[in-house]
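Notes follow once the structure below has been shown.
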Amino acid sequence: MNSLFFMYLTNGIVMGIIFALSALGVSLIVGIMNVINFAHGELYIFAGYISYILSVKLGISFYFAIPIAILTIFIIGILIEESLIKPTYGNDMYSLIITFILSIVLQNFALLVFGPFPNKPPNWISGATNMFGLFRYGNQRLVSCLAAIGIIIIVFLLIKKTWFGKTIRAVSQDRETASLMGIDTSKVNMLSFGLGCAIAGAAGVVLAPIFPVTPLAGVEISLIAFIILVIGGMGSLWGCIIGGLIIGIVQSFGAAYISSGYKDIFGFIILILVLFIRPSGLFGRKAL
Amino acid sequence: MILKATGISKSFGGLIALKNVDFHINSGEILGLIGPNGAGKTTIFNVLTGIYHPEQGNIDFNGEDISKYRPFEICHKGIARTFQVTRAFLDMSCLENVLVGIIGNNPNLSPAEKKSEAIKYLEFVGLKNSVDTQAKNLTLVGKKRLELARALSTHPKLLLLDEVLSGLNTTEMREACDLINIILDKFGITIFWVEHVMSAIMEVSGRIIVLDHGEKIAEGLPKDIANNAEVIEAYLGESDA
Amino acid sequence: MLKSKYILGLFILAIFLSFPIYIGKYWLHVSIISLFYVMMASSWNLLAGYTGQVSFAHAAFAGIGAYVSGIIAIKLNIPPTIGLFIGAGIASLFGLGLGMLCIKMGGIYLSLTTLAFSEIIRLIITNEYELTRGTMGLEVPNLIGFYSKTIYFYIMIAVSIIFLLIIYKIIKSDLGTSFRAISNDELAANSLGINVIRVRIVAFVISSAMAGFAGALFGHYLLLITPDISSLSQMFLILAMTIIGGMGSFFGPIIGAFFLETLSEYIRIYGEYHVLIFGIVALIIARFAPSGLDGIYQEKISPKMAKS
């Protein structure tokens with residue numbers, strides 16, 4: 001065991017947490033509405049762009065830039081749900097096709113507006129920390145990772161402890177009964193889609209300082225999120241965390257010890273293994 | 001005896017839907033299944049048709065354990081069903097709906113034979129004039145008739161009917177009951193029937209079993225069931241009894 | 001009525017067949033590309049439109065066909081005319097494997113797994129430089145040994161017609177009826193004795209073989225194949241053409257392929273933004289006219305013409 005091993009491990013865990021956060025929003029929406037949001041990665045990059053514009057071009061402090069960016073994505077999410085997703089209720093395949101087309105539109109829109117070059121909001125913090133005397137690790141990565149953990153905890157509390165969480169869990173378990181009990185399911189859909197998008201936005205602002213945003217950066221985020229979704233089990237929040245950590249760690253070691261060109265393929269290999277052994281994912285397909 | 005189920009148990013998550021249920025169906029009878037809402041009636045149908053596999057127990061159908069078979073295999077063995085909430089293929093014509101059942105069970109017939117066979121069943125259920133109508137344009141009664149034609153087209157030995165009378169008016173109920181009797185007499189198909197409309201099931205069934213909270217609480221002739229204290233008590237808990 | 005449709009069809013075909021006489025090389029090229037998309041969109045429609053399985057691996061299967069046929073032509077000297085079939089065969093084997101892996105889980109799982117598969121194929125093509133020349137592109141031999149756009153145009157037409165005939169036969173057959181039953185209500189079809197998983201895998205294998213064949217054929221026309229052939233933007237084009245033309249209709253993808261490919265030539269001046277325009281058109285159609293141009297024709301125009 002040398003210090004490199006620990007560095008790869010640390011990096012894997014940090015990336016895993018970041019991946020988990022990226023997948024959380026999609027998983028939430030699938031769990032509640034049975035809709036796959038293909039435009040997830042694009043909303044993520046839009047949040048990155050908004051925080052970039054606010055902080056770099058307009059000089060607003062990132063304490064304000066972050067909530068504004070997340071709120072904007074929340075509103076965009078609600079608009080998408082109301083205008084495009086609502087008419088497709090009950091037809092899973094159609095919502096999937098619509099969000100796929102939307103993701104292409106948003107990518108090309110980003111290309112038109114922001115250009116093809118990477119944009120990056122300023123780091124929140126500079127320097128690097130010496131980890132256990134073994135290696136140095138970038139402070140921004142550590143802070144982003146802590147922020148990701150914070151957001152994941154907030155989402156868990158929101159779903160497990162609050163009244164809103166209870167409502168959406170009821171809808172995800174049995175839509176019909178929930179609606180008989182007087183829950184306005186279409187409002188729940190609207191808010192949970194918005195929430196799922198806002199989580200994508202939160203991931204975007206937290207990660208933009210580490211991974212500068214480009215119009216196509218969202219594709220990779222979406223792909224990893226989808227792999228985690230299948231591995232962890234659709235709609236399972238714990239599945240997201242465990243799935244994210246597995247992918248993060250395997251990618252980190254795979255890139256270091258096997259081949260960096262193929263680092264994205266390791267996730268797929270795990271996906272195939274999971275489909276063989278436990279087709280419904282490690283945590284099974286379940287309601288929230 | 002055409003079917004014998006022994007010790008059937010099935011649960012969803014922590015919720016027990018069926019608990020150690022035993023019953024049998026005699027060849028050539030109409031067996032009724034009643035019970036309050038949520039008693040597990042549709043779950044029994046889903047277990048018999050392979051949509052769910054029971055956790056315990058076995059289902060002997062004509063001397064073969066079918067409890068692990070998939071739905072289409074069970075259909076090939078000779079069990080057909082209708083659904084409580086109709087599941088016609090809405091974007092297809094009535095003819096095509098029935099053709100699916102024939103394709104699934106008799107793929108080697110010539111196209112002309114398949115078509116005339118399908119029309120025969122549509123005529124039998126009274127949809128002669130709707131052969132080319134899209135299923136989505138049928139009324140509720142029409143959809144129920146279509147499901148019946150579709151189920152018959154698979155040449156079943158045992159037919160499971162899931163609340164065929166719900167949503168029908170008195171005349172339509174009368175016609176449906178007659179149809180059920182004809183299916184038994186003319187085609188010799190044994191019928192296992194879930195129904196909420198008590199008067200009809202009491203009249204048509206030869207024998208009845210009663211389910212409550214996933215357990216069988218009574219079994220016998222309709223007149224005995226009507227006077228069974230436990231059955232009356234189970235139904236008292238229900239508002240529309 | 002039927003006879004007049006038949007005559008109209010033959011008339012259109014005759015005009016089409018005489019294209020090389022009066023349209024220039026450039027539009028002949030556009031027609032060949034359109035025909036490639038007719039094959040791709042129609043075979044994807046067989047899967048997505050008729051059985052309801054939205055696969056994102058269709059472009060990847062075209063890539064597999066193109067690279068397999070190209071590589072064996074270069075390394076093993078196998079003539080491209082045979083390579084086409086080997087490419088299609090390998091693509092259908094991948095289709096079988098992928099289908100067996102995820103079709104049982106159905107719907108969303110299939111879409112997500114095929115999407116991941118498609119990215120993996122692109123990654124492998126990009127990374128296996130020795131074999132595929134990566135993003136530089138692989139130079140492959142011509143199908144017929146010499147270069148003639150006119151002959152290639154006729155080959156593409158012949159193959160397209162064969163594809164369309166096969167697809168038409170399938171959708172009018174018992175198998176096609178099973179396809180539609182499954183996409184209408186999988187559980188009901190299963191309960192009526194249809195082996196749902198087997199039927200879906202059959203659809204998946206047929207459409208992958210067609211994509212592999214079309215990809216190989218197109219590769220030997222372009223003479224240079226790049227990882228782009230199996231990219232998601234390629235997949236988007238196929239999907240957009242099918243949606244715009246009309247998903248689940250026989251003529252939809254044909255109309256969509258010609259419409260979008262021709263449109264793309266006219267808006268090429270807007271450079272990279274033409275994809276944005278496609279996307280917006282597809283989004284509007286998907287939202288407001290889900291049965292596409294063919295659906296609009298069937299509902300709005302055809303009844304009026306029948307009346308007059």
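A note on labels: chains of the structure tokens are A, B, ... as shown, every chain counts residues from 1, and ligands are counted from 1 in their shown order.
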
Using only C-alpha atoms, what table do you get, as a Markdown table, when you list each residue of chain C with an atom no more than 8 Å from chain A, its nearest pair of atoms, and their distance in Å rounded to one decimal, rows by chain then rising number?
```
| residue | atom | partner | partner_atom | distance |
| --- | --- | --- | --- | --- |
| C:Gly52 | CA | A:Met93 | CA | 7.3 |
| C:Gln53 | CA | A:Met93 | CA | 7.8 |
| C:Val54 | CA | A:Met93 | CA | 6.7 |
| C:Leu101 | CA | A:Leu275 | CA | 6.6 |
| C:Cys102 | CA | A:Leu275 | CA | 7.0 |
| C:Met105 | CA | A:Pro279 | CA | 6.9 |
| C:Gly107 | CA | A:Met93 | CA | 7.2 |
| C:Ile108 | CA | A:Ile36 | CA | 7.5 |
| C:Tyr109 | CA | A:Val230 | CA | 7.0 |
| C:Leu112 | CA | A:Phe226 | CA | 6.2 |
| C:Thr113 | CA | A:Ile227 | CA | 7.7 |
| C:Leu115 | CA | A:Leu223 | CA | 7.8 |
| C:Ala116 | CA | A:Leu223 | CA | 6.6 |
| C:Phe117 | CA | A:Phe268 | CA | 7.5 |
| C:Ile120 | CA | A:Ile265 | CA | 6.2 |
| C:Leu123 | CA | A:Tyr262 | CA | 7.3 |
| C:Ile124 | CA | A:Tyr262 | CA | 7.9 |
| C:Asn127 | CA | A:Gly261 | CA | 6.6 |
| C:Phe236 | CA | A:Ile101 | CA | 7.4 |
| C:Ala240 | CA | A:Ile101 | CA | 7.7 |
| C:Tyr273 | CA | A:Asn108 | CA | 6.8 |
| C:Val275 | CA | A:Asn108 | CA | 7.0 |
| C:Leu276 | CA | A:Asn108 | CA | 5.3 |
| C:Gly279 | CA | A:Val105 | CA | 5.1 |
| C:Ile280 | CA | A:Val105 | CA | 6.5 |
| C:Ala282 | CA | A:Ile101 | CA | 7.1 |
| C:Leu283 | CA | A:Ile101 | CA | 6.2 |
| C:Ala286 | CA | A:Ile98 | CA | 6.7 |
| C:Arg287 | CA | A:Leu84 | CA | 6.6 |
```

Legend entry - Residue neighbourhood range 94-99 of chain B, 9 Å, only C-alpha atoms, exclusion window fewer than 5 positions, as a VMD selection string: (chain B and resid 88 to 89 104 114 to 115 117 to 119 121 to 122 127 130 to 135 146 to 147 149 to 154) or (chain C and resid 174 177 181)

Can you write out the residues you just picked, keeping N, CA, C and O atoms, as a short mmCIF file (atom, residue, chain, number, x, y, z; two decimals), in the first residue's frame?
```cif
data_model
loop_
_atom_site.label_atom_id
_atom_site.label_comp_id
_atom_site.auth_asym_id
_atom_site.auth_seq_id
_atom_site.Cartn_x
_atom_site.Cartn_y
_atom_site.Cartn_z
N ALA B 88 -58.18 -4.00 -23.07
CA ALA B 88 -58.21 -4.24 -24.51
C ALA B 88 -57.02 -3.51 -25.14
O ALA B 88 -56.50 -2.55 -24.57
N PHE B 89 -56.56 -3.99 -26.30
CA PHE B 89 -55.50 -3.28 -27.04
C PHE B 89 -56.17 -2.11 -27.75
O PHE B 89 -56.74 -2.26 -28.84
N GLY B 104 -51.38 -16.36 -30.43
CA GLY B 104 -50.64 -16.84 -29.26
C GLY B 104 -50.84 -18.33 -29.02
O GLY B 104 -50.03 -18.95 -28.34
N LYS B 114 -57.61 -18.04 -39.31
CA LYS B 114 -57.50 -17.20 -38.12
C LYS B 114 -58.59 -16.15 -38.10
O LYS B 114 -59.24 -15.91 -37.09
N LYS B 115 -58.78 -15.52 -39.28
CA LYS B 115 -59.76 -14.45 -39.34
C LYS B 115 -61.17 -14.97 -39.08
O LYS B 115 -61.93 -14.39 -38.30
N GLU B 117 -62.07 -17.64 -37.51
CA GLU B 117 -62.14 -18.05 -36.12
C GLU B 117 -62.38 -16.82 -35.22
O GLU B 117 -63.26 -16.83 -34.34
N ALA B 118 -61.63 -15.74 -35.50
CA ALA B 118 -61.76 -14.52 -34.69
C ALA B 118 -63.17 -13.95 -34.83
O ALA B 118 -63.80 -13.57 -33.84
N ILE B 119 -63.67 -13.93 -36.06
CA ILE B 119 -65.02 -13.37 -36.28
C ILE B 119 -66.07 -14.22 -35.57
O ILE B 119 -67.03 -13.70 -35.00
N TYR B 121 -65.80 -15.73 -32.74
CA TYR B 121 -65.88 -15.36 -31.32
C TYR B 121 -66.48 -13.96 -31.14
O TYR B 121 -67.22 -13.72 -30.19
N LEU B 122 -66.16 -13.05 -32.06
CA LEU B 122 -66.75 -11.71 -31.97
C LEU B 122 -68.27 -11.80 -32.12
O LEU B 122 -69.02 -11.13 -31.41
N LEU B 127 -70.42 -8.84 -30.96
CA LEU B 127 -69.69 -7.70 -31.54
C LEU B 127 -69.56 -7.84 -33.06
O LEU B 127 -68.63 -7.32 -33.66
N SER B 130 -68.91 -4.77 -35.02
CA SER B 130 -67.80 -3.90 -34.62
C SER B 130 -66.45 -4.50 -34.99
O SER B 130 -65.43 -4.11 -34.45
N VAL B 131 -66.46 -5.45 -35.94
CA VAL B 131 -65.22 -6.17 -36.27
C VAL B 131 -64.06 -5.21 -36.55
O VAL B 131 -62.95 -5.40 -36.05
N ASP B 132 -64.31 -4.15 -37.33
CA ASP B 132 -63.21 -3.25 -37.69
C ASP B 132 -63.13 -2.00 -36.82
O ASP B 132 -62.34 -1.10 -37.08
N THR B 133 -63.97 -1.93 -35.80
CA THR B 133 -63.94 -0.77 -34.90
C THR B 133 -62.68 -0.82 -34.03
O THR B 133 -62.26 -1.88 -33.58
N GLN B 134 -62.07 0.36 -33.84
CA GLN B 134 -60.92 0.43 -32.92
C GLN B 134 -61.44 0.19 -31.50
O GLN B 134 -62.49 0.72 -31.12
N ALA B 135 -60.69 -0.58 -30.73
CA ALA B 135 -61.16 -0.95 -29.39
C ALA B 135 -61.40 0.28 -28.52
O ALA B 135 -62.28 0.30 -27.67
N LEU B 146 -65.38 -7.70 -25.69
CA LEU B 146 -64.18 -7.95 -26.48
C LEU B 146 -63.18 -8.80 -25.69
O LEU B 146 -62.60 -9.75 -26.21
N GLU B 147 -63.01 -8.46 -24.41
CA GLU B 147 -62.08 -9.24 -23.59
C GLU B 147 -62.53 -10.69 -23.48
O GLU B 147 -61.71 -11.60 -23.46
N ALA B 149 -64.32 -12.34 -25.77
CA ALA B 149 -64.05 -12.98 -27.06
C ALA B 149 -62.58 -13.35 -27.16
O ALA B 149 -62.22 -14.44 -27.60
N ARG B 150 -61.72 -12.42 -26.72
CA ARG B 150 -60.28 -12.61 -26.78
C ARG B 150 -59.88 -13.81 -25.92
O ARG B 150 -59.08 -14.65 -26.33
N ALA B 151 -60.47 -13.88 -24.70
CA ALA B 151 -60.12 -14.98 -23.80
C ALA B 151 -60.59 -16.31 -24.40
O ALA B 151 -59.86 -17.30 -24.39
N LEU B 152 -61.80 -16.33 -24.98
CA LEU B 152 -62.32 -17.57 -25.55
C LEU B 152 -61.48 -18.04 -26.73
O LEU B 152 -61.32 -19.23 -26.96
N SER B 153 -60.92 -17.07 -27.48
CA SER B 153 -60.16 -17.42 -28.68
C SER B 153 -58.90 -18.21 -28.34
O SER B 153 -58.28 -18.77 -29.23
N THR B 154 -58.50 -18.23 -27.07
CA THR B 154 -57.29 -18.98 -26.71
C THR B 154 -57.63 -20.44 -26.42
O THR B 154 -56.77 -21.19 -25.99
N ASP C 174 -48.54 -11.90 -38.48
CA ASP C 174 -48.88 -12.20 -37.09
C ASP C 174 -47.86 -11.58 -36.13
O ASP C 174 -48.21 -11.09 -35.07
N THR C 177 -48.71 -8.07 -35.59
CA THR C 177 -49.86 -7.94 -34.68
C THR C 177 -49.40 -8.13 -33.24
O THR C 177 -49.82 -7.38 -32.35
N ALA C 181 -49.68 -5.52 -30.14
CA ALA C 181 -50.35 -5.93 -28.91
C ALA C 181 -49.44 -5.66 -27.71
O ALA C 181 -49.88 -5.12 -26.69
#
```

Inset, instruction - With a distance threshold of 7 Å and counting only C-alpha atoms, extract the residues of chain B near chain C and express them as JSON, numbers by chain. - result: {"B": [71, 72, 73, 75, 76, 87, 89, 90, 91, 100, 101, 103, 104, 105, 151, 154]}

Selection above as a file: C-alpha atoms, as a PDB file, in the first residue's frame:
```pdb
ATOM      1  CA  PRO B  71     -48.444 -16.026 -18.020  1.00  0.00           C
ATOM      2  CA  PHE B  72     -48.172 -17.074 -21.666  1.00  0.00           C
ATOM      3  CA  GLU B  73     -47.264 -20.637 -20.694  1.00  0.00           C
ATOM      4  CA  CYS B  75     -52.416 -19.561 -21.255  1.00  0.00           C
ATOM      5  CA  HIS B  76     -51.022 -22.333 -23.456  1.00  0.00           C
ATOM      6  CA  ARG B  87     -57.170  -4.143 -20.870  1.00  0.00           C
ATOM      7  CA  PHE B  89     -55.505  -3.281 -27.044  1.00  0.00           C
ATOM      8  CA  LEU B  90     -56.947   0.178 -27.548  1.00  0.00           C
ATOM      9  CA  ASP B  91     -55.110   1.137 -30.740  1.00  0.00           C
ATOM     10  CA  VAL B 100     -53.759 -11.879 -30.756  1.00  0.00           C
ATOM     11  CA  GLY B 101     -55.292 -14.706 -28.736  1.00  0.00           C
ATOM     12  CA  ILE B 103     -51.792 -16.094 -32.805  1.00  0.00           C
ATOM     13  CA  GLY B 104     -50.645 -16.845 -29.265  1.00  0.00           C
ATOM     14  CA  ASN B 105     -52.219 -20.302 -29.199  1.00  0.00           C
ATOM     15  CA  ALA B 151     -60.124 -14.984 -23.803  1.00  0.00           C
ATOM     16  CA  THR B 154     -57.292 -18.983 -26.713  1.00  0.00           C
TER      17      THR B 154
END
```

Legend entry - Which of range 14-94 of chain A fall in alpha helix (DSSP H), as a VMD selection string: chain A and resid 14 to 33 40 to 52 62 to 80 92 to 94

Which residues, written as a compact mmCIF listing (two decimals) with N, CA, C and O atoms, in the first residue's frame, have at least one atom at most 9 Å from range 79-96 of chain C, with only C-alpha atoms counted and residues fewer than 2 positions away on the same chain left out?
```
# COMPACT_ATOMS: atom_id res chain seq x y z
N ALA C 57 -29.49 2.50 -29.16
CA ALA C 57 -28.29 1.85 -29.67
C ALA C 57 -28.33 1.68 -31.18
O ALA C 57 -27.45 1.02 -31.74
N ALA C 60 -25.37 2.92 -32.91
CA ALA C 60 -24.24 2.09 -32.52
C ALA C 60 -24.20 0.82 -33.36
O ALA C 60 -23.12 0.38 -33.78
N PHE C 61 -25.36 0.23 -33.65
CA PHE C 61 -25.39 -0.97 -34.48
C PHE C 61 -24.93 -0.66 -35.91
O PHE C 61 -24.24 -1.47 -36.53
N ALA C 62 -25.31 0.52 -36.40
CA ALA C 62 -24.82 0.93 -37.72
C ALA C 62 -23.29 1.03 -37.69
O ALA C 62 -22.60 0.60 -38.61
N GLY C 63 -22.77 1.59 -36.59
CA GLY C 63 -21.32 1.71 -36.42
C GLY C 63 -20.66 0.33 -36.42
O GLY C 63 -19.65 0.11 -37.08
N ILE C 64 -21.25 -0.60 -35.70
CA ILE C 64 -20.69 -1.96 -35.64
C ILE C 64 -20.64 -2.56 -37.04
O ILE C 64 -19.61 -3.07 -37.48
N GLY C 65 -21.76 -2.43 -37.78
CA GLY C 65 -21.80 -2.97 -39.13
C GLY C 65 -20.73 -2.34 -40.01
O GLY C 65 -19.99 -3.04 -40.72
N ALA C 66 -20.63 -1.02 -39.95
CA ALA C 66 -19.70 -0.30 -40.82
C ALA C 66 -18.25 -0.68 -40.49
O ALA C 66 -17.46 -0.98 -41.39
N TYR C 67 -17.89 -0.69 -39.20
CA TYR C 67 -16.50 -0.98 -38.85
C TYR C 67 -16.16 -2.45 -39.08
O TYR C 67 -15.05 -2.76 -39.55
N VAL C 68 -17.09 -3.35 -38.77
CA VAL C 68 -16.80 -4.78 -39.00
C VAL C 68 -16.53 -5.01 -40.48
O VAL C 68 -15.51 -5.58 -40.87
N SER C 69 -17.43 -4.52 -41.32
CA SER C 69 -17.28 -4.74 -42.75
C SER C 69 -16.00 -4.07 -43.26
O SER C 69 -15.27 -4.66 -44.07
N GLY C 70 -15.73 -2.85 -42.77
CA GLY C 70 -14.54 -2.13 -43.20
C GLY C 70 -13.26 -2.84 -42.76
O GLY C 70 -12.34 -3.04 -43.55
N ILE C 72 -12.72 -6.00 -41.80
CA ILE C 72 -12.41 -7.30 -42.42
C ILE C 72 -12.04 -7.15 -43.89
O ILE C 72 -11.31 -7.96 -44.44
N ALA C 73 -12.52 -6.07 -44.51
CA ALA C 73 -12.11 -5.83 -45.90
C ALA C 73 -10.64 -5.46 -45.95
O ALA C 73 -9.89 -5.93 -46.82
N LEU C 76 -8.51 -8.66 -43.76
CA LEU C 76 -8.66 -10.05 -44.22
C LEU C 76 -8.99 -10.15 -45.70
O LEU C 76 -9.20 -11.24 -46.22
N ASN C 77 -9.04 -8.95 -46.35
CA ASN C 77 -9.34 -8.95 -47.78
C ASN C 77 -10.67 -9.58 -48.15
O ASN C 77 -10.82 -10.16 -49.22
N LEU C 98 -27.55 -7.86 -26.10
CA LEU C 98 -28.07 -6.70 -25.38
C LEU C 98 -29.54 -6.89 -25.06
O LEU C 98 -30.00 -6.57 -23.96
N GLY C 99 -30.27 -7.45 -26.02
CA GLY C 99 -31.70 -7.69 -25.81
C GLY C 99 -31.94 -8.65 -24.67
O GLY C 99 -32.75 -8.40 -23.79
N MET C 100 -31.17 -9.77 -24.66
CA MET C 100 -31.37 -10.75 -23.60
C MET C 100 -31.04 -10.15 -22.23
O MET C 100 -31.61 -10.52 -21.21
N LEU C 101 -30.09 -9.22 -22.25
CA LEU C 101 -29.65 -8.61 -21.00
C LEU C 101 -30.72 -7.70 -20.39
O LEU C 101 -30.95 -7.72 -19.19
N PRO C 141 -12.56 0.24 -48.46
CA PRO C 141 -12.70 0.11 -49.92
C PRO C 141 -14.12 0.33 -50.40
O PRO C 141 -15.07 0.23 -49.62
N ASN C 142 -14.23 0.62 -51.67
CA ASN C 142 -15.52 0.82 -52.30
C ASN C 142 -16.25 -0.52 -52.45
O ASN C 142 -15.62 -1.55 -52.64
N LEU C 143 -17.56 -0.44 -52.37
CA LEU C 143 -18.36 -1.68 -52.42
C LEU C 143 -18.19 -2.40 -53.74
O LEU C 143 -18.04 -3.62 -53.79
N ILE C 144 -18.21 -1.64 -54.85
CA ILE C 144 -18.27 -2.29 -56.16
C ILE C 144 -16.93 -2.21 -56.88
O ILE C 144 -16.83 -2.60 -58.05
N ILE C 201 -37.32 -9.66 -28.31
CA ILE C 201 -35.94 -9.92 -28.72
C ILE C 201 -35.88 -10.10 -30.23
O ILE C 201 -34.96 -9.59 -30.89
N VAL C 202 -36.88 -10.77 -30.81
CA VAL C 202 -36.91 -10.93 -32.26
C VAL C 202 -36.90 -9.56 -32.94
O VAL C 202 -36.12 -9.30 -33.85
N PHE C 204 -35.82 -6.78 -31.73
CA PHE C 204 -34.54 -6.12 -31.47
C PHE C 204 -33.46 -6.65 -32.42
O PHE C 204 -32.68 -5.89 -32.98
N VAL C 205 -33.45 -7.98 -32.62
CA VAL C 205 -32.44 -8.59 -33.47
C VAL C 205 -32.65 -8.17 -34.93
O VAL C 205 -31.70 -7.80 -35.62
N ILE C 206 -33.89 -8.21 -35.40
CA ILE C 206 -34.16 -7.81 -36.79
C ILE C 206 -33.70 -6.37 -37.02
O ILE C 206 -33.00 -6.07 -37.98
N SER C 207 -34.08 -5.49 -36.11
CA SER C 207 -33.76 -4.09 -36.35
C SER C 207 -32.25 -3.84 -36.22
O SER C 207 -31.70 -3.02 -36.93
N SER C 208 -31.57 -4.57 -35.33
CA SER C 208 -30.11 -4.38 -35.25
C SER C 208 -29.43 -4.87 -36.51
O SER C 208 -28.47 -4.25 -36.99
N ALA C 209 -29.91 -6.00 -37.06
CA ALA C 209 -29.31 -6.51 -38.29
C ALA C 209 -29.47 -5.49 -39.41
O ALA C 209 -28.53 -5.23 -40.16
N MET C 210 -30.66 -4.90 -39.49
CA MET C 210 -30.89 -3.91 -40.54
C MET C 210 -29.99 -2.70 -40.36
O MET C 210 -29.42 -2.18 -41.32
N ALA C 211 -29.84 -2.24 -39.11
CA ALA C 211 -28.97 -1.09 -38.86
C ALA C 211 -27.53 -1.43 -39.24
O ALA C 211 -26.83 -0.62 -39.86
N GLY C 212 -27.09 -2.64 -38.89
CA GLY C 212 -25.73 -3.06 -39.21
C GLY C 212 -25.50 -3.07 -40.71
O GLY C 212 -24.47 -2.58 -41.20
N PHE C 213 -26.46 -3.60 -41.44
CA PHE C 213 -26.35 -3.67 -42.90
C PHE C 213 -26.31 -2.27 -43.50
O PHE C 213 -25.45 -1.95 -44.32
N ALA C 214 -27.24 -1.42 -43.05
CA ALA C 214 -27.31 -0.05 -43.58
C ALA C 214 -26.00 0.69 -43.28
O ALA C 214 -25.46 1.39 -44.14
N GLY C 215 -25.49 0.52 -42.06
CA GLY C 215 -24.24 1.19 -41.68
C GLY C 215 -23.09 0.76 -42.56
O GLY C 215 -22.31 1.58 -43.05
N ALA C 216 -22.99 -0.56 -42.79
CA ALA C 216 -21.90 -1.08 -43.62
C ALA C 216 -22.01 -0.54 -45.04
O ALA C 216 -21.02 -0.08 -45.63
N LEU C 217 -23.22 -0.57 -45.57
CA LEU C 217 -23.46 -0.08 -46.93
C LEU C 217 -23.05 1.40 -47.05
O LEU C 217 -22.39 1.80 -48.00
N HIS C 220 -19.19 1.96 -46.97
CA HIS C 220 -18.50 1.69 -48.22
C HIS C 220 -18.82 2.73 -49.29
O HIS C 220 -18.18 2.78 -50.33
```

Legend entry - Contacts of range 128-130 of chain A within 8 Å, only C-alpha atoms, excl. fewer than 5 positions in-chain, as a PyMOL selection string: chain A and resi 135-140

Mind dumping the selected residues with C-alpha atoms as a short mmCIF file (atom, residue, chain, number, x, y, z; two decimals), in the first residue's frame?
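Done, and the output landed in out_14.cif:
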```cif
data_model
loop_
_atom_site.label_atom_id
_atom_site.label_comp_id
_atom_site.auth_asym_id
_atom_site.auth_seq_id
_atom_site.Cartn_x
_atom_site.Cartn_y
_atom_site.Cartn_z
CA PHE A 135 -0.43 13.18 -0.62
CA ARG A 136 -1.83 16.62 -1.29
CA TYR A 137 -5.42 17.01 -2.40
CA GLY A 138 -7.02 20.14 -3.90
CA ASN A 139 -9.02 22.18 -1.36
CA GLN A 140 -11.71 23.06 -3.87
#
```

Inset, instruction - From range 84-140 of chain A, collect each residue whose DSSP state is strand (DSSP E or B) and return the set as a ChimeraX atom specification. - result: /A:119,128-131,135-138

Inset, instruction - Determine, counting only C-alpha atoms, which protein, DNA and RNA residues have an atom within 10 Å of an atom of range 1-11 of chain A; residues of the same chain fewer than 5 positions away are not included. Present the result as a ChimeraX atom specification. - result: /A:16-17,131-137,141-142,248-257

What lies within 6 Å of range 200-209 of chain A using only C-alpha atoms, ignoring chain neighbours under 4 positions off, as a tab-separated table (two decimals) with N, CA and C atoms, in the first residue's frame?
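The resulting file, out_24.tsv, is shown below:
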```tsv
chain	number	residue	atom	x	y	z
A	22	SER	N	-25.10	13.83	-8.54
A	22	SER	CA	-25.57	14.04	-9.91
A	22	SER	C	-26.75	13.14	-10.23
A	25	GLY	N	-31.12	13.65	-8.42
A	25	GLY	CA	-32.28	14.33	-9.00
A	25	GLY	C	-33.05	13.45	-9.96
A	44	TYR	N	-27.95	20.64	-15.35
A	44	TYR	CA	-26.74	20.72	-14.55
A	44	TYR	C	-25.78	21.77	-15.14
A	45	ILE	N	-25.52	21.67	-16.44
A	45	ILE	CA	-24.57	22.64	-17.01
A	45	ILE	C	-25.15	24.06	-17.04
A	47	ALA	N	-26.97	25.39	-14.76
A	47	ALA	CA	-26.72	25.95	-13.44
A	47	ALA	C	-25.27	26.42	-13.35
A	48	GLY	N	-24.36	25.60	-13.91
A	48	GLY	CA	-22.95	26.00	-13.93
A	48	GLY	C	-22.76	27.31	-14.69
A	70	ILE	N	-29.68	27.94	-8.44
A	70	ILE	CA	-30.51	26.77	-8.12
A	70	ILE	C	-31.99	27.12	-8.29
A	73	ILE	N	-33.01	27.17	-11.93
A	73	ILE	CA	-33.18	25.83	-12.49
A	73	ILE	C	-34.48	25.20	-11.98
A	120	LYS	N	-15.66	28.54	-16.45
A	120	LYS	CA	-15.44	28.08	-15.09
A	120	LYS	C	-15.63	29.23	-14.11
A	121	PRO	N	-16.57	29.09	-13.17
A	121	PRO	CA	-16.68	30.10	-12.13
A	121	PRO	C	-15.44	30.02	-11.23
A	123	ASN	N	-12.84	29.54	-8.17
A	123	ASN	CA	-12.80	28.63	-7.03
A	123	ASN	C	-13.31	29.33	-5.79
A	144	SER	N	-16.03	21.11	-2.39
A	144	SER	CA	-17.16	20.71	-3.25
A	144	SER	C	-17.76	19.41	-2.75
```
